[in-house]
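File shown here: input_29.cif, holding mmCIF, C-alpha atoms.
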```
data_protein
#
loop_
_atom_site.label_atom_id
_atom_site.label_comp_id
_atom_site.auth_asym_id
_atom_site.auth_seq_id
_atom_site.Cartn_x
_atom_site.Cartn_y
_atom_site.Cartn_z
CA MET A 1 -8.31 30.35 -32.58
CA GLU A 2 -10.91 27.63 -32.36
CA ARG A 3 -13.45 27.70 -29.57
CA MET A 4 -15.80 24.97 -28.41
CA SER A 5 -18.73 24.82 -26.03
CA PHE A 6 -21.65 22.56 -25.20
CA LYS A 7 -25.27 23.44 -24.69
CA MET A 8 -27.27 21.49 -22.16
CA SER A 9 -30.24 19.50 -23.34
CA ALA A 10 -33.57 20.86 -22.21
CA GLU A 11 -34.28 19.34 -18.81
CA THR A 12 -38.01 19.82 -19.27
CA ASP A 13 -38.18 17.05 -21.86
CA SER A 14 -41.52 15.43 -21.06
CA ALA A 15 -40.66 12.07 -22.58
CA ARG A 16 -37.70 11.23 -20.38
CA SER A 17 -35.62 12.25 -17.42
CA ILE A 18 -32.19 13.79 -17.85
CA LYS A 19 -28.96 13.01 -16.05
CA HIS A 20 -26.75 16.07 -15.73
CA ILE A 21 -23.05 15.43 -16.49
CA GLY A 22 -20.48 18.02 -15.41
CA ILE A 23 -17.01 17.97 -16.97
CA ILE A 24 -14.61 20.11 -14.92
CA VAL A 25 -11.68 21.62 -16.81
CA PHE A 26 -8.71 23.86 -16.06
CA GLU A 27 -6.06 25.67 -18.11
CA GLY A 28 -4.05 23.20 -20.19
CA VAL A 29 -6.80 20.58 -20.11
CA ILE A 30 -6.18 17.59 -22.37
CA LEU A 31 -8.66 18.16 -25.18
CA ALA A 32 -9.09 14.43 -25.79
CA ASP A 33 -10.61 14.07 -22.32
CA VAL A 34 -13.20 16.78 -22.94
CA ILE A 35 -14.16 15.59 -26.40
CA GLY A 36 -13.99 11.90 -25.45
CA ALA A 37 -16.36 12.14 -22.48
CA ALA A 38 -18.70 14.58 -24.21
CA ASP A 39 -18.90 12.37 -27.31
CA VAL A 40 -19.78 9.27 -25.29
CA PHE A 41 -22.65 10.97 -23.46
CA GLY A 42 -23.67 13.00 -26.50
CA VAL A 43 -23.87 10.02 -28.85
CA GLY A 44 -25.49 8.00 -26.07
CA ASP A 45 -28.14 10.66 -25.63
CA LYS A 46 -28.92 10.74 -29.36
CA LEU A 47 -29.10 6.95 -29.48
CA ILE A 48 -31.43 6.85 -26.52
CA SER A 49 -33.75 9.52 -27.89
CA SER A 50 -34.03 7.86 -31.29
CA VAL A 51 -34.04 4.17 -30.42
CA PHE A 52 -34.96 3.81 -26.76
CA ALA A 53 -37.76 6.31 -26.31
CA GLY A 54 -38.56 7.15 -22.72
CA GLU A 55 -35.17 6.16 -21.34
CA THR A 56 -33.01 8.51 -19.31
CA GLY A 57 -30.92 10.91 -21.37
CA TYR A 58 -27.89 13.07 -20.69
CA ALA A 59 -27.11 16.78 -20.57
CA ILE A 60 -23.53 18.00 -20.55
CA SER A 61 -22.04 21.11 -18.96
CA LEU A 62 -18.42 22.20 -19.20
CA LEU A 63 -17.36 23.78 -15.93
CA SER A 64 -14.40 25.69 -14.52
CA LEU A 65 -13.79 27.44 -11.24
CA TYR A 66 -14.64 30.93 -12.49
CA GLY A 67 -16.20 30.18 -15.87
CA GLY A 68 -15.29 31.80 -19.16
CA VAL A 69 -12.75 30.72 -21.74
CA ILE A 70 -10.24 28.00 -20.86
CA LYS A 71 -7.35 27.23 -23.20
CA SER A 72 -6.71 23.53 -23.76
CA SER A 73 -3.39 21.77 -24.31
CA ALA A 74 -4.08 21.96 -28.04
CA SER A 75 -4.69 25.76 -27.85
CA VAL A 76 -8.38 25.24 -28.56
CA GLU A 77 -10.45 27.57 -26.37
CA ILE A 78 -13.27 26.01 -24.38
CA MET A 79 -16.22 28.05 -23.14
CA THR A 80 -17.18 27.06 -19.59
CA LEU A 81 -19.72 27.89 -16.93
CA PRO A 82 -18.58 28.85 -13.41
CA LEU A 83 -18.98 26.30 -10.66
CA SER A 84 -20.84 28.90 -8.60
CA SER A 85 -23.66 28.92 -11.15
CA HIS A 86 -24.45 25.34 -10.15
CA GLU A 87 -24.44 25.72 -6.40
CA GLN A 88 -28.03 24.53 -6.14
CA HIS A 89 -27.95 22.03 -8.98
CA THR A 90 -27.55 18.34 -8.28
CA PHE A 91 -25.27 16.67 -10.79
CA ASP A 92 -25.61 13.01 -11.50
CA THR A 93 -21.96 12.67 -12.54
CA LEU A 94 -18.82 14.81 -12.37
CA ILE A 95 -15.62 14.13 -14.32
CA ILE A 96 -12.42 16.05 -13.62
CA ALA A 97 -10.42 16.04 -16.85
CA SER A 98 -6.63 15.70 -16.97
CA GLY A 99 -4.28 18.58 -17.69
CA THR A 100 -1.42 20.62 -16.29
CA GLY A 101 -3.77 23.17 -14.72
CA ASN A 102 -4.88 20.63 -12.15
CA PHE A 103 -1.65 21.16 -10.20
CA ALA A 104 -2.74 24.75 -9.53
CA ALA A 105 -6.41 23.82 -9.14
CA TYR A 106 -5.87 21.49 -6.21
CA LEU A 107 -4.38 24.42 -4.29
CA GLU A 108 -7.47 26.58 -4.93
CA PRO A 109 -9.66 26.78 -1.77
CA GLY A 110 -12.73 27.63 -3.86
CA MET A 111 -12.36 24.49 -5.94
CA ILE A 112 -11.84 22.25 -2.92
CA GLU A 113 -14.73 23.80 -1.00
CA TRP A 114 -17.10 23.37 -3.95
CA LEU A 115 -16.19 19.70 -4.34
CA GLN A 116 -16.60 19.04 -0.63
CA LYS A 117 -20.07 20.63 -0.63
CA THR A 118 -21.10 18.86 -3.83
CA LYS A 119 -19.78 15.33 -3.23
CA ASN A 120 -22.78 14.09 -1.23
CA LYS A 121 -25.20 15.32 -3.90
CA VAL A 122 -23.47 13.51 -6.76
CA ARG A 123 -24.02 9.86 -7.60
CA ARG A 124 -20.48 9.37 -8.90
CA ILE A 125 -17.34 11.40 -9.42
CA GLY A 126 -14.44 10.51 -11.68
CA ALA A 127 -11.00 12.01 -12.21
CA VAL A 128 -8.43 11.36 -14.93
CA CYS A 129 -4.65 11.38 -14.40
CA THR A 130 -3.69 14.75 -12.84
CA GLY A 131 -7.35 15.35 -11.97
CA VAL A 132 -6.91 12.76 -9.24
CA PHE A 133 -4.90 15.34 -7.26
CA VAL A 134 -7.88 17.72 -7.23
CA MET A 135 -10.10 14.96 -5.91
CA ALA A 136 -7.47 13.95 -3.35
CA ALA A 137 -7.06 17.52 -2.05
CA ALA A 138 -10.80 17.66 -1.40
CA GLY A 139 -10.54 14.53 0.75
CA LEU A 140 -12.70 12.46 -1.59
CA LEU A 141 -10.07 9.71 -1.81
CA ASP A 142 -9.26 9.38 1.89
CA ASN A 143 -8.95 5.67 2.72
CA ARG A 144 -10.06 4.75 -0.80
CA ARG A 145 -8.39 2.94 -3.66
CA ALA A 146 -7.17 5.16 -6.50
CA THR A 147 -4.71 5.34 -9.38
CA THR A 148 -2.95 7.97 -11.45
CA HIS A 149 -0.22 8.10 -14.10
CA TRP A 150 2.79 6.04 -13.01
CA VAL A 151 5.07 9.12 -13.13
CA LEU A 152 2.85 10.77 -10.50
CA GLN A 153 2.16 7.84 -8.18
CA ASP A 154 4.94 8.55 -5.71
CA LYS A 155 4.00 12.23 -5.60
CA LEU A 156 0.39 11.23 -4.84
CA ILE A 157 1.50 8.86 -2.08
CA HIS A 158 3.81 11.49 -0.58
CA GLU A 159 1.22 14.27 -0.53
CA PHE A 160 -1.81 12.14 0.33
CA PRO A 161 -0.59 9.08 2.27
CA GLN A 162 -4.13 8.16 3.32
CA ILE A 163 -4.93 7.08 -0.25
CA LYS A 164 -4.54 3.41 -1.21
CA VAL A 165 -2.71 3.82 -4.52
CA GLU A 166 -3.07 0.90 -6.94
CA ARG A 167 0.04 1.16 -9.07
CA GLU A 168 -0.93 -1.27 -11.84
CA ALA A 169 -4.59 -0.30 -12.27
CA MET A 170 -5.70 1.61 -15.35
CA MET A 171 -9.00 2.50 -13.65
CA THR A 172 -10.32 2.09 -10.11
CA GLU A 173 -13.74 2.41 -8.46
CA ASP A 174 -14.38 2.72 -4.76
CA ASP A 175 -17.92 3.44 -3.61
CA GLY A 176 -18.84 5.75 -6.47
CA ILE A 177 -15.41 7.38 -6.73
CA PHE A 178 -13.58 6.61 -9.98
CA THR A 179 -9.98 7.33 -11.01
CA ALA A 180 -8.15 6.69 -14.29
CA SER A 181 -4.40 6.60 -14.73
CA ASP A 182 -3.68 7.94 -18.20
CA VAL A 183 -4.35 11.16 -20.06
CA GLY A 184 -7.21 10.83 -22.53
CA MET A 185 -9.01 8.09 -20.58
CA ALA A 186 -12.17 10.13 -19.97
CA SER A 187 -13.82 8.40 -22.91
CA GLU A 188 -13.25 4.96 -21.38
CA MET A 189 -14.51 6.20 -18.03
CA ALA A 190 -17.61 7.74 -19.59
CA LEU A 191 -18.30 4.54 -21.50
CA SER A 192 -18.13 2.52 -18.28
CA PHE A 193 -20.65 4.95 -16.74
CA LEU A 194 -22.92 4.57 -19.75
CA GLU A 195 -22.74 0.79 -19.50
CA SER A 196 -23.62 0.95 -15.81
CA ASP A 197 -26.63 3.17 -16.56
CA LEU A 198 -28.02 1.56 -19.70
CA GLY A 199 -26.46 -1.86 -20.04
CA PRO A 200 -23.77 -3.37 -22.25
CA SER A 201 -25.81 -3.42 -25.47
CA VAL A 202 -26.28 0.37 -25.55
CA ALA A 203 -22.69 0.94 -24.46
CA LYS A 204 -21.44 -1.34 -27.22
CA ARG A 205 -23.41 0.56 -29.85
CA VAL A 206 -21.93 3.83 -28.64
CA ALA A 207 -18.43 2.33 -28.53
CA ASP A 208 -18.83 0.91 -32.03
CA SER A 209 -19.86 4.35 -33.22
CA LEU A 210 -16.99 6.19 -31.58
CA LEU A 211 -14.32 3.48 -31.51
CA VAL A 212 -13.25 4.95 -28.18
CA CYS A 213 -10.96 2.06 -27.39
CA GLN A 214 -9.11 2.15 -30.72
CA ARG A 215 -6.57 4.61 -29.37
CA ARG A 216 -5.21 2.09 -26.91
CA ARG A 217 -5.10 -0.74 -29.43
CA ASP A 218 -3.25 1.39 -31.98
CA HIS A 219 -1.06 3.51 -29.70
CA PRO A 220 0.05 1.69 -26.55
CA THR A 221 2.08 4.73 -25.47
CA THR A 222 2.16 4.08 -21.76
CA ALA A 223 2.34 0.31 -21.75
CA ARG A 224 5.09 -1.00 -19.51
CA PRO A 225 6.31 -4.28 -18.10
CA VAL A 226 4.31 -5.73 -15.26
CA ARG A 227 5.68 -4.48 -11.94
CA VAL A 228 7.54 -7.18 -10.08
CA ALA A 229 5.33 -8.77 -7.46
CA GLU A 230 5.46 -7.82 -3.80
CA PRO A 231 7.85 -9.95 -1.71
CA SER A 232 6.44 -13.36 -0.96
CA LYS A 233 5.83 -14.79 2.49
CA ASN A 234 8.50 -17.44 2.00
CA ASN A 235 11.76 -16.05 3.39
CA LYS A 236 13.93 -18.03 0.98
CA ILE A 237 11.95 -16.79 -2.00
CA GLN A 238 12.31 -13.22 -0.68
CA GLN A 239 16.06 -13.74 -0.48
CA ALA A 240 16.15 -15.16 -4.00
CA SER A 241 14.10 -12.22 -5.34
CA ARG A 242 16.56 -9.75 -3.82
CA TRP A 243 19.46 -11.81 -5.18
CA PHE A 244 17.98 -11.58 -8.69
CA ALA A 245 17.64 -7.79 -8.33
CA GLU A 246 21.22 -7.40 -7.07
CA HIS A 247 22.74 -9.59 -9.81
CA MET A 248 20.45 -8.93 -12.79
CA ALA A 249 23.25 -7.18 -14.74
CA GLU A 250 25.32 -10.37 -14.57
CA SER A 251 25.05 -13.59 -16.53
CA ILE A 252 23.14 -15.66 -13.97
CA ASN A 253 21.09 -18.85 -14.08
CA ILE A 254 18.34 -20.41 -12.01
CA LEU A 255 20.64 -23.01 -10.49
CA SER A 256 22.82 -20.25 -9.00
CA ALA A 257 19.76 -18.66 -7.39
CA ALA A 258 18.62 -22.02 -6.00
CA ASN A 259 22.10 -22.69 -4.59
CA PHE A 260 22.11 -19.25 -2.96
CA VAL A 261 19.07 -20.16 -0.85
CA SER A 262 20.16 -23.80 -0.36
CA MET A 263 17.31 -25.36 -2.34
CA SER A 264 17.28 -27.92 -5.11
CA GLU A 265 16.65 -26.37 -8.52
CA ARG A 266 13.42 -28.32 -8.98
CA ASN A 267 12.03 -27.39 -5.54
CA PHE A 268 13.16 -23.78 -6.00
CA GLN A 269 11.31 -23.46 -9.31
CA ARG A 270 8.14 -24.97 -7.82
CA GLN A 271 8.20 -22.80 -4.67
CA PHE A 272 9.03 -19.62 -6.60
CA LYS A 273 6.12 -20.14 -8.99
CA ARG A 274 3.73 -20.85 -6.12
CA GLU A 275 4.82 -17.81 -4.11
CA THR A 276 5.12 -15.18 -6.87
CA GLY A 277 2.94 -16.48 -9.69
CA TRP A 278 5.96 -16.40 -12.01
CA THR A 279 8.71 -18.82 -12.86
CA PRO A 280 12.19 -17.59 -11.84
CA HIS A 281 12.96 -16.98 -15.52
CA GLU A 282 9.82 -14.84 -15.99
CA PHE A 283 10.58 -12.93 -12.81
CA LEU A 284 14.12 -12.12 -13.93
CA LEU A 285 12.95 -11.13 -17.42
CA HIS A 286 10.37 -8.68 -16.09
CA LEU A 287 12.83 -7.35 -13.53
CA ARG A 288 15.30 -6.59 -16.30
CA LEU A 289 12.66 -5.10 -18.60
CA GLU A 290 11.47 -2.80 -15.83
CA ALA A 291 15.07 -1.68 -15.27
CA VAL A 292 15.42 -0.95 -18.99
CA ARG A 293 12.17 1.01 -18.94
CA GLN A 294 13.40 3.17 -16.08
CA GLN A 295 16.77 3.76 -17.76
CA LEU A 296 15.05 4.78 -21.00
CA THR A 297 12.90 7.28 -19.13
CA GLU A 298 15.56 8.66 -16.77
CA THR A 299 18.67 8.76 -18.98
CA ASP A 300 19.82 9.52 -22.52
CA LEU A 301 22.03 6.44 -22.68
CA PRO A 302 21.95 4.46 -25.95
CA VAL A 303 19.86 1.31 -25.96
CA ASP A 304 22.92 -0.96 -26.31
CA LYS A 305 24.50 0.42 -23.14
CA ILE A 306 21.23 0.20 -21.21
CA ALA A 307 20.81 -3.40 -22.38
CA ARG A 308 24.19 -4.43 -20.99
CA ARG A 309 23.58 -2.58 -17.72
CA CYS A 310 20.37 -4.54 -17.22
CA GLY A 311 21.70 -7.99 -18.09
CA PHE A 312 20.66 -8.29 -21.73
CA LEU A 313 22.99 -9.31 -24.55
CA SER A 314 22.41 -6.34 -26.85
CA GLY A 315 20.14 -3.50 -27.83
CA GLU A 316 18.74 -5.69 -30.59
CA HIS A 317 17.71 -8.28 -27.98
CA VAL A 318 15.98 -5.58 -25.93
CA SER A 319 14.20 -4.27 -29.05
CA LYS A 320 12.77 -7.71 -29.79
CA LEU A 321 11.54 -8.09 -26.20
CA PHE A 322 9.99 -4.61 -26.15
CA ARG A 323 8.13 -5.26 -29.37
CA LYS A 324 6.90 -8.58 -28.00
CA HIS A 325 5.80 -7.34 -24.57
CA LEU A 326 4.97 -3.65 -25.21
CA SER A 327 4.37 -3.49 -28.98
CA VAL A 328 6.84 -0.59 -29.34
CA SER A 329 10.58 -0.26 -29.82
CA PRO A 330 12.75 1.08 -26.98
CA CYS A 331 13.24 4.38 -28.85
CA GLU A 332 9.50 4.72 -29.41
CA TYR A 333 8.90 3.97 -25.76
CA ARG A 334 11.38 6.66 -24.67
CA ARG A 335 9.86 9.20 -27.07
CA ASN A 336 6.29 8.42 -26.03
CA GLU A 337 7.02 8.54 -22.29
CA ARG A 338 8.82 11.84 -22.61
CA SER A 339 5.95 13.24 -24.61
CA VAL A 340 3.62 12.34 -21.73
CA GLN A 341 6.03 13.92 -19.25
CA LYS A 342 6.09 17.16 -21.25
CA GLN A 343 2.30 17.26 -21.06
CA LEU A 344 2.34 16.63 -17.33
CA PHE A 345 5.37 18.78 -16.49
CA PRO A 346 5.72 21.62 -19.04
CA ALA A 347 9.02 23.48 -18.84
CA THR A 348 7.18 26.80 -19.17
CA SER A 349 5.28 26.40 -15.89
CA GLN A 350 6.59 28.91 -13.35
CA GLN A 351 4.46 27.85 -10.41
CA HIS A 352 4.94 24.11 -10.54
CA GLN A 353 8.36 22.94 -11.70
CA PHE A 354 9.10 19.25 -11.52
CA VAL A 355 12.52 17.67 -12.02
CA ILE A 356 11.57 14.39 -13.67
CA SER A 357 14.91 12.65 -13.36
CA ARG A 358 15.13 13.39 -9.64
CA ASN A 359 11.57 12.25 -8.95
CA LEU A 360 12.03 9.03 -10.89
CA SER A 361 15.37 8.38 -9.20
CA GLN A 362 13.73 8.74 -5.79
CA ALA A 363 10.86 6.50 -6.89
CA SER A 364 13.27 3.77 -8.00
CA GLN A 365 14.87 3.79 -4.56
CA THR A 366 11.58 3.45 -2.68
CA THR A 367 9.67 1.00 -4.86
CA THR A 368 10.37 -2.50 -6.12
CA PRO A 369 10.77 -2.44 -9.93
#
```

Once you've parsed the file, please lay out its structure as structure tokens.
Amino acid sequence: MERMSFKMSAETDSARSIKHIGIIVFEGVILADVIGAADVFGVGDKLISSVFAGETGYAISLLSLYGGVIKSSASVEIMTLPLSSHEQHTFDTLIIASGTGNFAAYLEPGMIEWLQKTKNKVRRIGAVCTGVFVMAAAGLLDNRRATTHWVLQDKLIHEFPQIKVEREAMMTEDDGIFTASDVGMASEMALSFLESDLGPSVAKRVADSLLVCQRRRDHPTTARPVRVAEPSKNNKIQQASRWFAEHMAESINILSAANFVSMSERNFQRQFKRETGWTPHEFLLHLRLEAVRQQLTETDLPVDKIARRCGFLSGEHVSKLFRKHLSVSPCEYRRNERSVQKQLFPATSQQHQFVISRNLSQASQTTTP
């Protein structure tokens, strides 16, 4: 069994001041978050000490509620310090990593109390994916903008309705409170912190060294069609949007939609584009793609059948569109999304069982695709 830990840099370094970074982890933590954030600050610290003498450096501590060994999602054991050992220490930055253990952590009074006492002493706090729920339970996101993984967004809204959830954002910032939507995004978050502290040139050198963004370029696992825009102010365009949604499985054309709302085709196209930002054709395409995405995630239906249900000619047609817009095939998309769901909702969890198909079905009834 592998075990990892981090030693803090000496804070008595006479040449420069040190910013203390705390990475909070729980059982089942996504190892990529821990390593990603630690690497960014670790490499940044080495770069600063060797090239930019006298600049502020970083010290990293891995923390958990009670300290000791925490097992990650990859079965690598992580040695941590207890939060209580830092009661009097002022952190510069805290990052709550993603992982299945966060669903138990946000019910822990000790965790919530510590965050509430610490929040005013910390310059910035970030949370990744499921870590957002820990931050939310402590009240840190009340009346603030935030995001989390799309599978969890309706759960977050239901449990914490005072949060302003941004469904399409990959990362949000609201007065020093940061949230990231996807597992493994701690590296991107840490890099944005580094850039804020030391400027884009240093951040770029660290990024070039670590290639922290390569994962998203090479593996767009959670990419999905753009969510259809909120209803427009124009009542006729609202009616047309609903008509598209109700008839998307049929062979329809723009003229039929224009006739439905008693507008000329030319005027309809112009008004629709002005109100929604999309042409009617683009709107219908994204509406259908979103419906395919949901069917792939919620059902085991073959791609051909899903295609016909959503108004496409064939599974081959859908495959071409997915590769164009998402850079993956429908089967790859289904496999990748279910892999993420298994990480977020493991079948072995006894305390927190989640029925994915039911949750997604409820979400599809309460949100516009």

task: Kindly indicate which residue among A:Asn102, A:Ser49, A:Ser17, A:Ser187 lies nearest to A:Ala32, using only C-alpha atoms for the distances.
output: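 The shortest atom-to-atom distance to A:Ala32 comes from A:Ser187.
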
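For the atom pair formed by atom CA of A:Gln238 and atom CA of A:Ala146, the distance is 27.4 Å, given to one decimal.
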
query: Written as a list in words, what is the full residue list that the PyMOL selection byres ((chain A and resi 188) around 10) yields on the file shown?
result: Asp33, Gly36, Ala37, Val40, Met171, Ala180, Gly184, Met185, Ala186, Ser187, Met189, Ala190, Leu191, Ser192, Phe193, Leu194, Ala207, Val212 and Cys213 of chain A

Spell out the residues picked by the PyMOL selection byres ((chain A and resi 332) around 12) here, as a CSV table (one decimal) with C-alpha atoms, in the coordinates of the input.
```csv
chain,number,residue,atom,x,y,z
A,219,HIS,CA,-1.1,3.5,-29.7
A,220,PRO,CA,0.0,1.7,-26.6
A,221,THR,CA,2.1,4.7,-25.5
A,222,THR,CA,2.2,4.1,-21.8
A,223,ALA,CA,2.3,0.3,-21.8
A,293,ARG,CA,12.2,1.0,-18.9
A,296,LEU,CA,15.0,4.8,-21.0
A,297,THR,CA,12.9,7.3,-19.1
A,303,VAL,CA,19.9,1.3,-26.0
A,319,SER,CA,14.2,-4.3,-29.0
A,322,PHE,CA,10.0,-4.6,-26.2
A,323,ARG,CA,8.1,-5.3,-29.4
A,326,LEU,CA,5.0,-3.6,-25.2
A,327,SER,CA,4.4,-3.5,-29.0
A,328,VAL,CA,6.8,-0.6,-29.3
A,329,SER,CA,10.6,-0.3,-29.8
A,330,PRO,CA,12.8,1.1,-27.0
A,331,CYS,CA,13.2,4.4,-28.8
A,333,TYR,CA,8.9,4.0,-25.8
A,334,ARG,CA,11.4,6.7,-24.7
A,335,ARG,CA,9.9,9.2,-27.1
A,336,ASN,CA,6.3,8.4,-26.0
A,337,GLU,CA,7.0,8.5,-22.3
A,338,ARG,CA,8.8,11.8,-22.6
A,339,SER,CA,6.0,13.2,-24.6
```

Taking (-9.7, 10.5, -7.2) in the file's coordinates, which residues come within 7 Å, counting all atoms listed in the file, written as a short mmCIF file (atom, residue, chain, number, x, y, z; two decimals) with C-alpha atoms, in the coordinates of the input?
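What ended up in result-v2.cif:
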```
data_model
loop_
_atom_site.label_atom_id
_atom_site.label_comp_id
_atom_site.auth_asym_id
_atom_site.auth_seq_id
_atom_site.Cartn_x
_atom_site.Cartn_y
_atom_site.Cartn_z
CA GLY A 126 -14.44 10.51 -11.68
CA ALA A 127 -11.00 12.01 -12.21
CA VAL A 132 -6.91 12.76 -9.24
CA PHE A 133 -4.90 15.34 -7.26
CA MET A 135 -10.10 14.96 -5.91
CA ALA A 136 -7.47 13.95 -3.35
CA LEU A 140 -12.70 12.46 -1.59
CA LEU A 141 -10.07 9.71 -1.81
CA ALA A 146 -7.17 5.16 -6.50
CA ILE A 177 -15.41 7.38 -6.73
CA PHE A 178 -13.58 6.61 -9.98
CA THR A 179 -9.98 7.33 -11.01
#
```

field: Pick from A:Gly139, A:Asp304, A:Ile254, A:Ile237 nearest to A:Gly277, counting only C-alpha atoms
entry: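 Answer, going by the shortest atom-to-atom distance: A:Ile237.
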
- request: Carefully work through the PyMOL selection byres ((chain A and resi 310-313) around 7) for this structure and note down the residues it includes, as JSON, numbers by chain.
  value: {"A": [248, 249, 250, 251, 288, 291, 292, 306, 307, 308, 309, 314, 317, 318]}

- request: Kindly indicate which residue among A:Gly42, A:Thr276, A:Val151, A:Lys320 lies nearest to A:Leu289, using all atoms listed in the file for the distances.
  value: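 Checking each candidate against A:Leu289, we get A:Lys320 as the closest.
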
message: Ranking A:Ser61, A:Asn267, A:Thr118, A:Ser73 by minimum distance to A:Thr279 and counting all atoms listed in the file, which one comes first?
response: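 Distance minimum relative to A:Thr279 lands on A:Asn267.
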
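Note that atom CA of A:Ala74 and atom CA of A:Leu31 are 6.6 Å apart.
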
- request: Skip A:Tyr58 itself and residues of its chain fewer than 3 positions away, then list as a list in words all residues within 8 Å of it, counting only C-alpha atoms.
  value: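 Surrounding residues, per the criterion: Ser9, Ile18, Lys19, His20, Ile21, Phe41, Gly42, Gly44 and Asp45 of chain A.
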
task: Please provide the set of residues having any atom within 6 Å of A:Glu27, restricted to only C-alpha atoms, with same-chain residues fewer than 2 positions apart removed, written as a list in words.
output: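 The residues satisfying every condition are Val29, Ile70, Lys71 and Gly101 of chain A.
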
Selected residues written out, C-alpha atoms, as a PDB file, in the frame of the given file:
```
ATOM      1  CA  VAL A  29      -6.800  20.580 -20.110  1.00  0.00           C
ATOM      2  CA  ILE A  70     -10.240  28.000 -20.860  1.00  0.00           C
ATOM      3  CA  LYS A  71      -7.350  27.230 -23.200  1.00  0.00           C
ATOM      4  CA  GLY A 101      -3.770  23.170 -14.720  1.00  0.00           C
TER       5      GLY A 101
END
```

Atom CA of A:Leu287 to atom CA of A:His325, distance in Å rounded to a single decimal: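 If I compute the distance from atom CA of A:Leu287 to atom CA of A:His325, I get 13.1 Å.
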
task: Return the single residue from A:Gly131, A:Ile157, A:Ser75, A:Leu65 that is closest to A:Pro109, with distances computed using all atoms listed in the file.
output: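 Under the stated criterion, the closest residue is A:Leu65.
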